[in-house]
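Asker: My questions all concern the structure below.
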Amino acid sequence: MTNKKIDVTIVGAGPAGVSAAVILARAGKKVLLVDRSDKAGDKNVFGGCIYAKQTAEIFPKFWETAPIERSITEEKIIMLTDYESTDFSYRFSSKGSYKAFTVLRSKWDRWCIEQAEKEGVYFAPKTLVTNLLVENGKVTGIQTENEKFHSDIVIIADGVNSLLAKQIGLRKEFTSENVTLNVKEVWKLPRQRLEDRFNINSDTGVAAKILGGPLKDMFAMGFMYTNKDTVSIGLGISLDELKNHKLKPYELLDDLKEHPSISPYLKDAEFVEYSAHMIPEGSINNIPKLYDNRVMVIGDAAGFVNNIHFEGTNLAMLSGKLAAETAIFALENSDCSANALSMYYEKLKQSIIIKDLTTHYNTIPVLKKNIKTITTMYPEFACQFFDILSNADGIPKRAKYRGFVSKILKSGVIPKSIPLGLFAMEKCFKK
């Protein structure tokens with residue numbers, strides 16, 4: 001490909017970049033996909049799930065051949081106090097309607113690259129892009145450590161730090177309050193033992209979110225996912241929290257693993273790997289400019305993460321698809337100007353990406369303001385309620401319920417309708 005003119009160069013071979021590449025190649029465009037890693041997926045940190053709907057738009061019926069780990073059939077929220085926990089689980093059948101799958105990105109990304117190459121994408125690993133080529137205010141290609149590649153359009157998919165988007169002024173540095181650090185470990189277990197512990201069968205899996213415990217009073221959440229014979233466990237925490245509390249993320253993860261309600265899942269497991277990665281918090285208020293003359297920004301580089309719902313890969317893949325569709329239109333009309341590429345943002349506005357990020361425009365600030373309520377008081381109240389419900393210790397239930405409801409009312413953290421509903425339960429008890 002040296003010194004050859006190509007239609008589109010894509011920098012970054014994660015879910016966003018590879019999705020854009022596949023859509024472009026299927027339309028007969030000449031595509032160069034570059035990545036600085038030796039192999040796709042080597043530098044990716046991921047919990048994690050991929051979501052069936054958006055993934056199938058790029059790779060139809062991917063679950064038949066892709067290296068998926070398990071189909072998610074249970075979503076679980078685990079609320080921890082210092083020594084207790086309350087779990088809320090939603091179980092569903094995956095038959096005929098897959099929602100999400102756990103994958104290991106080192107395997108998944110390589111499979112995606114293989115599919116892209118079959119479509120005609122030229123993949124160049126171990127390629128570090130040092131800067132964009134710009135002439136008369138227009139991006140004309142990329143400069144690597146060794147050579148230049150010219151193309152009509154460049155799509156930037158180089159992740160949360162996105163040095164390239166910064167170079168041409170499309171975005172500024174994310175501040176510590178707008179970035180979350182994710183740390184993750186993978187632990188290996190015999191497959192049957194893993195399935196017994198999580199109450200799943202050979203194909204099904206669990207995705208768990210964890211609140212409280214060692215993460216109480218902080219804007220942080222733990223996660224745990226079942227793979228075929230490994231468990232991925234980790235946490236995401238605001239950089240501000242790490243700085244203000246002077247915490248080390250791996251020590252916080254150790255504390256989480258040692259909690260009496262979490263440690264049994266990992267008992268006698270073999271440690272496989274540790275990884276860490278920053279992700280944007282995802283807010284409509286922090287989205288950078290997404291296009292200019294002959295260039296577009298997608299995926300994490302664009303801030304497309306919905307942390308409220310743990311969505312990132314689906315938004316990345318969808319943004320890659322929409323950018324590719326825009327590029328196809330622009331190329332076929334011989335107009336790659338900023339005005340032509342503005343179609344990309346119009347497509348985004350009609351998609352779940354902008355709609356959902358707009359819906360949650362103020363959610364993260366509200367959560368941060370009420371974080372003690374969410375990560376400390378709610379878990380405590382949940383555990384106290386179930387303790388009252390299940391404990392036959394000789395203390396009259398009326399006194400217990402009154403004390404519990406009074407405590408909730410005094411805290412002021414729960415709408416009065418809920419405690420009043422609990423008071424109404426007294427009518428069920430004969431005086």
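Going through the structure tokens in order, the chains are called A, B, and so on, while each chain numbers its residues from 1 and the ligands are numbered from 1 in the order shown.
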Identify, with DSSP run on backbone atoms, the residues in range 30-157 of chain A assigned to strand (DSSP E or B), and express the list as a PyMOL selection string.

Answerer: chain A and resi 31-34+49-51+68-80+85-91+100-103+122-124+129-135+138-144+148-156

Asker: Got a sec: who's within 12 Å of Ser283 in chain A, counting only C-alpha atoms, leaving out chain neighbours fewer than 5 positions off, as a PyMOL selection string?

Answerer: chain A and resi 174+177-179+288+300+302-308+353-365

Asker: Keeping only C-alpha atoms, take the residues you just selected and write them out as a PDB file, in the first residue's frame.

Answerer:
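selection.pdb, written as the output of this step:
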ATOM      1  CA  PHE A 174     -10.566  15.096  28.866  1.00  0.00           C
ATOM      2  CA  GLU A 177     -13.733  14.475  36.207  1.00  0.00           C
ATOM      3  CA  ASN A 178     -14.738  13.254  32.745  1.00  0.00           C
ATOM      4  CA  VAL A 179     -12.690  10.048  32.671  1.00  0.00           C
ATOM      5  CA  PRO A 288     -16.180  16.931  20.679  1.00  0.00           C
ATOM      6  CA  ASP A 300     -14.190   6.180  22.350  1.00  0.00           C
ATOM      7  CA  ALA A 302     -15.671  10.663  20.180  1.00  0.00           C
ATOM      8  CA  GLY A 303     -16.730   9.969  23.778  1.00  0.00           C
ATOM      9  CA  PHE A 304     -19.433   7.497  22.763  1.00  0.00           C
ATOM     10  CA  VAL A 305     -19.856   5.583  26.025  1.00  0.00           C
ATOM     11  CA  ASN A 306     -23.063   5.227  28.012  1.00  0.00           C
ATOM     12  CA  ASN A 307     -21.732   4.388  31.465  1.00  0.00           C
ATOM     13  CA  ILE A 308     -25.189   4.367  32.983  1.00  0.00           C
ATOM     14  CA  ILE A 353     -26.109   7.294  20.428  1.00  0.00           C
ATOM     15  CA  ILE A 354     -27.106  10.957  20.614  1.00  0.00           C
ATOM     16  CA  LYS A 355     -30.627  10.184  21.834  1.00  0.00           C
ATOM     17  CA  ASP A 356     -29.429   8.153  24.830  1.00  0.00           C
ATOM     18  CA  LEU A 357     -26.542  10.463  25.685  1.00  0.00           C
ATOM     19  CA  THR A 358     -29.020  13.355  25.587  1.00  0.00           C
ATOM     20  CA  THR A 359     -31.429  11.474  27.823  1.00  0.00           C
ATOM     21  CA  HIS A 360     -28.647  11.065  30.384  1.00  0.00           C
ATOM     22  CA  TYR A 361     -27.186  14.560  29.940  1.00  0.00           C
ATOM     23  CA  ASN A 362     -27.406  15.272  33.684  1.00  0.00           C
ATOM     24  CA  THR A 363     -27.464  11.753  35.139  1.00  0.00           C
ATOM     25  CA  ILE A 364     -23.797  11.480  36.073  1.00  0.00           C
ATOM     26  CA  PRO A 365     -23.698  14.833  37.950  1.00  0.00           C
TER      27      PRO A 365
END

Asker: How close does range 67-143 of chain A get to range 192-205 of chain A? List, as a Markdown table, each residue of range 67-143 of chain A within 10 Å, its nearest atom pair and the distance in Å to one decimal, counting only C-alpha atoms.

Answerer:
| residue | atom | partner | partner_atom | distance |
| --- | --- | --- | --- | --- |
| A:Glu69 | CA | A:Asp203 | CA | 8.1 |
| A:Arg70 | CA | A:Gly205 | CA | 5.3 |
| A:Ser71 | CA | A:Thr204 | CA | 5.0 |
| A:Ile72 | CA | A:Gly205 | CA | 4.5 |
| A:Thr73 | CA | A:Gly205 | CA | 5.7 |
| A:Glu74 | CA | A:Gly205 | CA | 6.6 |
| A:Glu75 | CA | A:Gly205 | CA | 9.0 |
| A:Ser93 | CA | A:Thr204 | CA | 9.0 |
| A:Ser94 | CA | A:Thr204 | CA | 8.1 |
| A:Ala100 | CA | A:Gly205 | CA | 9.7 |
| A:Phe101 | CA | A:Gly205 | CA | 8.1 |
| A:Thr102 | CA | A:Gly205 | CA | 7.8 |

Asker: Please, could you write that set of residues out with N, CA, C and O atoms as a PDB file, in the first residue's frame?

Answerer:
ATOM      1  N   GLU A  69     -17.965 -16.262  24.239  1.00  0.00           N
ATOM      2  CA  GLU A  69     -17.788 -17.071  25.440  1.00  0.00           C
ATOM      3  C   GLU A  69     -19.125 -17.634  25.922  1.00  0.00           C
ATOM      4  O   GLU A  69     -19.326 -18.837  25.943  1.00  0.00           O
ATOM      5  N   ARG A  70     -20.041 -16.746  26.288  1.00  0.00           N
ATOM      6  CA  ARG A  70     -21.350 -17.186  26.764  1.00  0.00           C
ATOM      7  C   ARG A  70     -22.431 -16.196  26.359  1.00  0.00           C
ATOM      8  O   ARG A  70     -22.173 -15.003  26.238  1.00  0.00           O
ATOM      9  N   SER A  71     -23.638 -16.710  26.196  1.00  0.00           N
ATOM     10  CA  SER A  71     -24.794 -15.859  25.972  1.00  0.00           C
ATOM     11  C   SER A  71     -25.314 -15.402  27.334  1.00  0.00           C
ATOM     12  O   SER A  71     -25.571 -16.222  28.223  1.00  0.00           O
ATOM     13  N   ILE A  72     -25.459 -14.092  27.509  1.00  0.00           N
ATOM     14  CA  ILE A  72     -25.918 -13.576  28.795  1.00  0.00           C
ATOM     15  C   ILE A  72     -27.410 -13.856  28.975  1.00  0.00           C
ATOM     16  O   ILE A  72     -28.241 -13.438  28.169  1.00  0.00           O
ATOM     17  N   THR A  73     -27.742 -14.577  30.033  1.00  0.00           N
ATOM     18  CA  THR A  73     -29.140 -14.888  30.351  1.00  0.00           C
ATOM     19  C   THR A  73     -29.518 -14.427  31.751  1.00  0.00           C
ATOM     20  O   THR A  73     -30.632 -14.664  32.190  1.00  0.00           O
ATOM     21  N   GLU A  74     -28.593 -13.776  32.435  1.00  0.00           N
ATOM     22  CA  GLU A  74     -28.904 -13.225  33.753  1.00  0.00           C
ATOM     23  C   GLU A  74     -28.141 -11.930  33.962  1.00  0.00           C
ATOM     24  O   GLU A  74     -26.929 -11.873  33.795  1.00  0.00           O
ATOM     25  N   GLU A  75     -28.888 -10.889  34.305  1.00  0.00           N
ATOM     26  CA  GLU A  75     -28.311  -9.611  34.710  1.00  0.00           C
ATOM     27  C   GLU A  75     -28.506  -9.481  36.212  1.00  0.00           C
ATOM     28  O   GLU A  75     -29.613  -9.644  36.716  1.00  0.00           O
ATOM     29  N   SER A  93     -34.602 -16.079  28.895  1.00  0.00           N
ATOM     30  CA  SER A  93     -34.163 -17.118  27.968  1.00  0.00           C
ATOM     31  C   SER A  93     -33.502 -16.487  26.759  1.00  0.00           C
ATOM     32  O   SER A  93     -33.911 -15.438  26.273  1.00  0.00           O
ATOM     33  N   SER A  94     -32.458 -17.126  26.258  1.00  0.00           N
ATOM     34  CA  SER A  94     -31.765 -16.617  25.062  1.00  0.00           C
ATOM     35  C   SER A  94     -32.246 -17.307  23.793  1.00  0.00           C
ATOM     36  O   SER A  94     -31.788 -16.981  22.701  1.00  0.00           O
ATOM     37  N   ALA A 100     -26.996 -10.354  24.411  1.00  0.00           N
ATOM     38  CA  ALA A 100     -25.591  -9.993  24.601  1.00  0.00           C
ATOM     39  C   ALA A 100     -24.768 -11.251  24.834  1.00  0.00           C
ATOM     40  O   ALA A 100     -25.287 -12.298  25.238  1.00  0.00           O
ATOM     41  N   PHE A 101     -23.462 -11.120  24.570  1.00  0.00           N
ATOM     42  CA  PHE A 101     -22.531 -12.226  24.772  1.00  0.00           C
ATOM     43  C   PHE A 101     -21.292 -11.699  25.481  1.00  0.00           C
ATOM     44  O   PHE A 101     -20.859 -10.565  25.240  1.00  0.00           O
ATOM     45  N   THR A 102     -20.711 -12.523  26.340  1.00  0.00           N
ATOM     46  CA  THR A 102     -19.386 -12.190  26.838  1.00  0.00           C
ATOM     47  C   THR A 102     -18.363 -12.648  25.808  1.00  0.00           C
ATOM     48  O   THR A 102     -18.537 -13.667  25.139  1.00  0.00           O
TER      49      THR A 102
END

Asker: Please determine, counting only C-alpha atoms, which residue among A:Ser238, A:Asn293, A:Ser337, A:Asn244 has the shortest atom-to-atom distance to Lys368 in chain A.

Answerer: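 Going through A:Ser238, A:Asn293, A:Ser337, A:Asn244 one by one, the smallest distance to Lys368 in chain A is for A:Ser238.
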
Asker: Can you list, as a list in words, every protein, DNA or RNA residue that comes within 9 Å of range 376-392 of chain A when you count only C-alpha atoms, leaving out same-chain residues fewer than 6 positions away?

Answerer: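 The residues that qualify are Ile78, Met79, Leu80, Thr81, Glu84, Ser85, Thr86, Leu211, Gly212, Gly213, Leu215, Lys216, Asp217, Lys400, Tyr401, Phe404, Ile408, Ser411, Val413 and Ile414 of chain A.
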
Asker: What's around range 142-153 of chain A at 8 Å? Count only C-alpha atoms, leave out sequence neighbours fewer than 5 positions away in its own chain, and write the answer as a PyMOL selection string.

Answerer: chain A and resi 1-9+127-133+294-296+327+331+336

Asker: Given the selection you just returned, output its residues as a file containing N, CA and C atoms, formatted as a PDB file, in the first residue's frame.

Answerer:
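See again-v7.pdb below for the written result:
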ATOM      1  N   MET A   1       0.815  -1.211   0.000  1.00  0.00           N
ATOM      2  CA  MET A   1       0.000   0.000   0.000  1.00  0.00           C
ATOM      3  C   MET A   1       0.852   1.266   0.000  1.00  0.00           C
ATOM      4  N   THR A   2       2.164   1.129   0.071  1.00  0.00           N
ATOM      5  CA  THR A   2       3.037   2.298   0.178  1.00  0.00           C
ATOM      6  C   THR A   2       2.799   3.268  -0.969  1.00  0.00           C
ATOM      7  N   ASN A   3       2.533   4.551  -0.582  1.00  0.00           N
ATOM      8  CA  ASN A   3       2.366   5.651  -1.533  1.00  0.00           C
ATOM      9  C   ASN A   3       1.198   5.444  -2.496  1.00  0.00           C
ATOM     10  N   LYS A   4       0.319   4.484  -2.222  1.00  0.00           N
ATOM     11  CA  LYS A   4      -0.834   4.264  -3.076  1.00  0.00           C
ATOM     12  C   LYS A   4      -2.025   5.055  -2.540  1.00  0.00           C
ATOM     13  N   LYS A   5      -2.795   5.631  -3.443  1.00  0.00           N
ATOM     14  CA  LYS A   5      -3.978   6.388  -3.056  1.00  0.00           C
ATOM     15  C   LYS A   5      -5.078   5.416  -2.672  1.00  0.00           C
ATOM     16  N   ILE A   6      -5.658   5.648  -1.544  1.00  0.00           N
ATOM     17  CA  ILE A   6      -6.758   4.808  -1.089  1.00  0.00           C
ATOM     18  C   ILE A   6      -7.946   5.705  -0.777  1.00  0.00           C
ATOM     19  N   ASP A   7      -9.117   5.106  -0.647  1.00  0.00           N
ATOM     20  CA  ASP A   7     -10.327   5.888  -0.399  1.00  0.00           C
ATOM     21  C   ASP A   7     -10.405   6.365   1.046  1.00  0.00           C
ATOM     22  N   VAL A   8     -10.247   5.418   1.981  1.00  0.00           N
ATOM     23  CA  VAL A   8     -10.413   5.759   3.396  1.00  0.00           C
ATOM     24  C   VAL A   8      -9.320   5.088   4.220  1.00  0.00           C
ATOM     25  N   THR A   9      -8.689   5.863   5.076  1.00  0.00           N
ATOM     26  CA  THR A   9      -7.762   5.323   6.073  1.00  0.00           C
ATOM     27  C   THR A   9      -8.440   5.388   7.430  1.00  0.00           C
ATOM     28  N   THR A 127       1.601  -0.404  13.374  1.00  0.00           N
ATOM     29  CA  THR A 127       1.738   0.848  12.616  1.00  0.00           C
ATOM     30  C   THR A 127       1.351   2.013  13.515  1.00  0.00           C
ATOM     31  N   LEU A 128       2.328   2.768  13.939  1.00  0.00           N
ATOM     32  CA  LEU A 128       2.078   3.919  14.811  1.00  0.00           C
ATOM     33  C   LEU A 128       1.903   5.167  13.956  1.00  0.00           C
ATOM     34  N   VAL A 129       0.728   5.775  14.047  1.00  0.00           N
ATOM     35  CA  VAL A 129       0.458   7.019  13.316  1.00  0.00           C
ATOM     36  C   VAL A 129       0.949   8.185  14.163  1.00  0.00           C
ATOM     37  N   THR A 130       1.899   8.929  13.652  1.00  0.00           N
ATOM     38  CA  THR A 130       2.480  10.038  14.415  1.00  0.00           C
ATOM     39  C   THR A 130       1.688  11.326  14.280  1.00  0.00           C
ATOM     40  N   ASN A 131       1.062  11.518  13.112  1.00  0.00           N
ATOM     41  CA  ASN A 131       0.230  12.706  12.933  1.00  0.00           C
ATOM     42  C   ASN A 131      -0.582  12.582  11.643  1.00  0.00           C
ATOM     43  N   LEU A 132      -1.552  13.457  11.508  1.00  0.00           N
ATOM     44  CA  LEU A 132      -2.342  13.525  10.290  1.00  0.00           C
ATOM     45  C   LEU A 132      -1.650  14.440   9.278  1.00  0.00           C
ATOM     46  N   LEU A 133      -1.811  14.134   8.024  1.00  0.00           N
ATOM     47  CA  LEU A 133      -1.330  15.012   6.968  1.00  0.00           C
ATOM     48  C   LEU A 133      -2.422  16.031   6.668  1.00  0.00           C
ATOM     49  N   ARG A 294     -12.739  16.139   5.263  1.00  0.00           N
ATOM     50  CA  ARG A 294     -12.115  14.842   4.955  1.00  0.00           C
ATOM     51  C   ARG A 294     -11.748  14.019   6.190  1.00  0.00           C
ATOM     52  N   VAL A 295     -12.418  14.265   7.325  1.00  0.00           N
ATOM     53  CA  VAL A 295     -12.099  13.519   8.542  1.00  0.00           C
ATOM     54  C   VAL A 295     -13.329  13.375   9.435  1.00  0.00           C
ATOM     55  N   MET A 296     -13.423  12.208  10.129  1.00  0.00           N
ATOM     56  CA  MET A 296     -14.488  11.960  11.108  1.00  0.00           C
ATOM     57  C   MET A 296     -13.894  11.256  12.322  1.00  0.00           C
ATOM     58  N   ALA A 327     -19.165   8.273   4.590  1.00  0.00           N
ATOM     59  CA  ALA A 327     -18.000   8.287   3.703  1.00  0.00           C
ATOM     60  C   ALA A 327     -18.353   7.744   2.322  1.00  0.00           C
ATOM     61  N   LEU A 331     -17.824   9.921  -1.004  1.00  0.00           N
ATOM     62  CA  LEU A 331     -16.928   9.464  -2.070  1.00  0.00           C
ATOM     63  C   LEU A 331     -17.661   9.348  -3.400  1.00  0.00           C
ATOM     64  N   CYS A 336     -15.896  15.461  -0.169  1.00  0.00           N
ATOM     65  CA  CYS A 336     -15.510  15.014   1.168  1.00  0.00           C
ATOM     66  C   CYS A 336     -15.304  16.203   2.104  1.00  0.00           C
TER      67      CYS A 336
END

Asker: Would you mind telling me which residue in A:Glu273, A:Ser162, A:Cys49, A:Leu266 lies nearest to Glu311 in chain A when using only C-alpha atoms?

Answerer: A:Cys49

Asker: Could you list, as a PDB file with N, CA, C and O atoms, in the first residue's frame, every residue within 12 Å of Asp254 in chain A, counting only C-alpha atoms and ignoring same-chain residues fewer than 5 positions away?

Answerer:
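Result written to out.pdb:
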ATOM      1  N   VAL A 183     -10.219  -1.107  35.842  1.00  0.00           N
ATOM      2  CA  VAL A 183      -9.215  -2.138  36.087  1.00  0.00           C
ATOM      3  C   VAL A 183      -9.927  -3.484  36.106  1.00  0.00           C
ATOM      4  O   VAL A 183     -11.056  -3.599  36.576  1.00  0.00           O
ATOM      5  N   LYS A 184      -9.260  -4.493  35.586  1.00  0.00           N
ATOM      6  CA  LYS A 184      -9.911  -5.798  35.440  1.00  0.00           C
ATOM      7  C   LYS A 184      -8.905  -6.924  35.637  1.00  0.00           C
ATOM      8  O   LYS A 184      -7.741  -6.808  35.250  1.00  0.00           O
ATOM      9  N   GLU A 185      -9.376  -7.990  36.226  1.00  0.00           N
ATOM     10  CA  GLU A 185      -8.602  -9.230  36.325  1.00  0.00           C
ATOM     11  C   GLU A 185      -9.413 -10.365  35.727  1.00  0.00           C
ATOM     12  O   GLU A 185     -10.650 -10.346  35.737  1.00  0.00           O
ATOM     13  N   GLY A 213     -19.955  -1.819  49.481  1.00  0.00           N
ATOM     14  CA  GLY A 213     -18.817  -2.529  50.051  1.00  0.00           C
ATOM     15  C   GLY A 213     -17.598  -1.628  50.070  1.00  0.00           C
ATOM     16  O   GLY A 213     -17.669  -0.469  50.503  1.00  0.00           O
ATOM     17  N   PRO A 214     -16.464  -2.095  49.565  1.00  0.00           N
ATOM     18  CA  PRO A 214     -15.258  -1.252  49.538  1.00  0.00           C
ATOM     19  C   PRO A 214     -15.387  -0.063  48.587  1.00  0.00           C
ATOM     20  O   PRO A 214     -14.544   0.835  48.611  1.00  0.00           O
ATOM     21  N   LEU A 215     -16.439  -0.044  47.765  1.00  0.00           N
ATOM     22  CA  LEU A 215     -16.655   1.051  46.817  1.00  0.00           C
ATOM     23  C   LEU A 215     -17.654   2.081  47.347  1.00  0.00           C
ATOM     24  O   LEU A 215     -18.035   2.999  46.611  1.00  0.00           O
ATOM     25  N   GLY A 222     -18.396  -1.962  40.572  1.00  0.00           N
ATOM     26  CA  GLY A 222     -17.711  -3.184  40.193  1.00  0.00           C
ATOM     27  C   GLY A 222     -18.475  -3.940  39.129  1.00  0.00           C
ATOM     28  O   GLY A 222     -19.650  -3.660  38.858  1.00  0.00           O
ATOM     29  N   ILE A 233     -13.449  -9.964  36.493  1.00  0.00           N
ATOM     30  CA  ILE A 233     -13.931  -9.129  37.591  1.00  0.00           C
ATOM     31  C   ILE A 233     -13.121  -7.841  37.616  1.00  0.00           C
ATOM     32  O   ILE A 233     -11.911  -7.843  37.376  1.00  0.00           O
ATOM     33  N   GLY A 234     -13.799  -6.738  37.866  1.00  0.00           N
ATOM     34  CA  GLY A 234     -13.097  -5.468  37.872  1.00  0.00           C
ATOM     35  C   GLY A 234     -13.968  -4.359  38.407  1.00  0.00           C
ATOM     36  O   GLY A 234     -15.045  -4.588  38.967  1.00  0.00           O
ATOM     37  N   LEU A 235     -13.513  -3.146  38.218  1.00  0.00           N
ATOM     38  CA  LEU A 235     -14.272  -1.982  38.668  1.00  0.00           C
ATOM     39  C   LEU A 235     -13.907  -0.784  37.809  1.00  0.00           C
ATOM     40  O   LEU A 235     -12.845  -0.719  37.198  1.00  0.00           O
ATOM     41  N   LYS A 248      -5.281   3.407  45.377  1.00  0.00           N
ATOM     42  CA  LYS A 248      -4.649   2.631  44.317  1.00  0.00           C
ATOM     43  C   LYS A 248      -5.698   1.658  43.789  1.00  0.00           C
ATOM     44  O   LYS A 248      -6.255   0.867  44.557  1.00  0.00           O
ATOM     45  N   PRO A 249      -6.001   1.711  42.493  1.00  0.00           N
ATOM     46  CA  PRO A 249      -7.126   0.926  41.971  1.00  0.00           C
ATOM     47  C   PRO A 249      -6.989  -0.575  42.177  1.00  0.00           C
ATOM     48  O   PRO A 249      -7.975  -1.256  42.451  1.00  0.00           O
ATOM     49  N   HIS A 259     -14.357  -9.419  49.673  1.00  0.00           N
ATOM     50  CA  HIS A 259     -15.644  -9.277  50.359  1.00  0.00           C
ATOM     51  C   HIS A 259     -16.276 -10.661  50.508  1.00  0.00           C
ATOM     52  O   HIS A 259     -16.232 -11.485  49.583  1.00  0.00           O
ATOM     53  N   ILE A 262     -18.334 -11.917  47.613  1.00  0.00           N
ATOM     54  CA  ILE A 262     -17.698 -12.003  46.300  1.00  0.00           C
ATOM     55  C   ILE A 262     -16.635 -13.092  46.254  1.00  0.00           C
ATOM     56  O   ILE A 262     -16.491 -13.809  45.257  1.00  0.00           O
ATOM     57  N   SER A 263     -15.891 -13.247  47.335  1.00  0.00           N
ATOM     58  CA  SER A 263     -14.765 -14.185  47.342  1.00  0.00           C
ATOM     59  C   SER A 263     -15.141 -15.629  46.992  1.00  0.00           C
ATOM     60  O   SER A 263     -14.336 -16.318  46.352  1.00  0.00           O
ATOM     61  N   LEU A 266     -14.574 -16.772  43.400  1.00  0.00           N
ATOM     62  CA  LEU A 266     -13.208 -16.902  42.892  1.00  0.00           C
ATOM     63  C   LEU A 266     -12.361 -17.888  43.686  1.00  0.00           C
ATOM     64  O   LEU A 266     -11.161 -18.013  43.438  1.00  0.00           O
ATOM     65  N   TYR A 274      -4.082  -9.114  34.479  1.00  0.00           N
ATOM     66  CA  TYR A 274      -4.541  -7.831  35.027  1.00  0.00           C
ATOM     67  C   TYR A 274      -4.394  -6.775  33.936  1.00  0.00           C
ATOM     68  O   TYR A 274      -3.418  -6.776  33.184  1.00  0.00           O
TER      69      TYR A 274
END

Asker: Kindly give the distance, in Å, that separates CA of Gly299 in chain A and CA of Ile10 in chain A, rounded to a single decimal.

Answerer: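 Spanning CA of Gly299 in chain A to CA of Ile10 in chain A is a straight-line distance of 11.9 Å.
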
Asker: Considering only C-alpha atoms, can you say which of A:Asp229, A:Asn314, A:Lys209, A:Ser176 comes closest to Glu241 in chain A?

Answerer: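 Comparing A:Asp229, A:Asn314, A:Lys209, A:Ser176 against Glu241 in chain A, the winner is A:Ser176.
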
Asker: Report as a list in words all protein, DNA and RNA residues lying within 10 Å of Gly159 in chain A, evaluated on only C-alpha atoms, omitting residues in the same chain fewer than 3 positions from it.

Answerer: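 What passes the distance filter is Val11, Gly12, Ala13, Gly14, Ala16, Gly17, Asn44, Ile156, Ser162, Leu163, Leu164, Ala165, Met278, Ile279, Pro280, Val297, Ile298, Gly299, Asp300, Ala301, Ala302 and Gly303 of chain A.
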
Asker: Which polymer residues have any atom within 8 Å of an atom of Val103 in chain A, counting only C-alpha atoms, with same-chain residues fewer than 4 positions away left out, as a compact mmCIF listing (two decimals) with all heavy atoms, in the first residue's frame?

Answerer:
# COMPACT_ATOMS: atom_id res chain seq x y z
N GLY A 48 -16.29 -8.13 29.63
CA GLY A 48 -17.27 -7.36 29.00
C GLY A 48 -18.18 -8.08 28.05
O GLY A 48 -18.01 -9.22 27.68
N CYS A 49 -19.20 -7.32 27.65
CA CYS A 49 -20.25 -7.81 26.76
C CYS A 49 -20.20 -7.11 25.41
O CYS A 49 -19.86 -5.94 25.31
CB CYS A 49 -21.62 -7.54 27.38
SG CYS A 49 -22.09 -8.65 28.70
N ILE A 50 -20.57 -7.85 24.39
CA ILE A 50 -20.94 -7.25 23.13
C ILE A 50 -22.44 -7.47 22.97
O ILE A 50 -23.00 -8.44 23.48
CB ILE A 50 -20.18 -7.85 21.93
CG1 ILE A 50 -20.43 -9.37 21.85
CG2 ILE A 50 -18.71 -7.56 22.01
CD1 ILE A 50 -20.07 -9.95 20.52
N PRO A 67 -15.74 -16.19 18.17
CA PRO A 67 -15.28 -16.77 19.44
C PRO A 67 -15.99 -16.15 20.65
O PRO A 67 -15.38 -15.50 21.49
CB PRO A 67 -13.78 -16.45 19.44
CG PRO A 67 -13.70 -15.16 18.70
CD PRO A 67 -14.75 -15.24 17.60
N ILE A 68 -17.30 -16.34 20.71
CA ILE A 68 -18.06 -15.84 21.86
C ILE A 68 -17.84 -16.79 23.04
O ILE A 68 -17.54 -17.97 22.87
CB ILE A 68 -19.55 -15.71 21.55
CG1 ILE A 68 -20.13 -17.07 21.10
CG2 ILE A 68 -19.77 -14.64 20.49
CD1 ILE A 68 -21.62 -17.05 20.89
N GLU A 69 -17.96 -16.26 24.24
CA GLU A 69 -17.79 -17.07 25.44
C GLU A 69 -19.13 -17.63 25.92
O GLU A 69 -19.33 -18.84 25.94
CB GLU A 69 -17.14 -16.21 26.54
CG GLU A 69 -15.72 -15.76 26.20
CD GLU A 69 -14.73 -16.91 26.19
OE1 GLU A 69 -14.65 -17.64 27.18
OE2 GLU A 69 -14.01 -17.04 25.17
N ARG A 70 -20.04 -16.75 26.29
CA ARG A 70 -21.35 -17.19 26.76
C ARG A 70 -22.43 -16.20 26.36
O ARG A 70 -22.17 -15.00 26.24
CB ARG A 70 -21.36 -17.35 28.30
CG ARG A 70 -20.51 -18.50 28.80
CD ARG A 70 -20.54 -18.63 30.32
NE ARG A 70 -19.71 -19.73 30.76
CZ ARG A 70 -20.11 -20.99 30.87
NH1 ARG A 70 -21.37 -21.30 30.57
NH2 ARG A 70 -19.29 -21.94 31.28
N LYS A 107 -9.38 -12.48 21.51
CA LYS A 107 -9.90 -13.44 20.54
C LYS A 107 -10.90 -12.77 19.59
O LYS A 107 -10.87 -12.98 18.38
CB LYS A 107 -10.58 -14.61 21.25
CG LYS A 107 -9.67 -15.43 22.14
CD LYS A 107 -10.47 -16.52 22.85
CE LYS A 107 -9.59 -17.34 23.79
NZ LYS A 107 -10.39 -18.39 24.50
N TRP A 108 -11.78 -11.98 20.18
CA TRP A 108 -12.86 -11.36 19.41
C TRP A 108 -12.32 -10.42 18.34
O TRP A 108 -12.73 -10.48 17.19
CB TRP A 108 -13.79 -10.62 20.35
CG TRP A 108 -14.80 -9.76 19.65
CD1 TRP A 108 -14.76 -8.40 19.50
CD2 TRP A 108 -16.00 -10.19 18.98
NE1 TRP A 108 -15.84 -7.97 18.78
CE2 TRP A 108 -16.61 -9.04 18.45
CE3 TRP A 108 -16.58 -11.43 18.77
CZ2 TRP A 108 -17.80 -9.10 17.74
CZ3 TRP A 108 -17.78 -11.49 18.05
CH2 TRP A 108 -18.36 -10.34 17.55
N ASN A 227 -17.10 -16.10 31.59
CA ASN A 227 -16.65 -16.59 30.29
C ASN A 227 -16.74 -18.11 30.30
O ASN A 227 -17.31 -18.70 31.22
CB ASN A 227 -15.23 -16.10 30.02
CG ASN A 227 -15.12 -14.59 30.17
OD1 ASN A 227 -15.91 -13.84 29.60
ND2 ASN A 227 -14.15 -14.13 30.97

Asker: Quick one: of A:Asp82, A:Asp158, A:Trp187, A:Leu104, who's nearest to Asp255 in chain A, counting only C-alpha atoms?

Answerer: A:Asp82
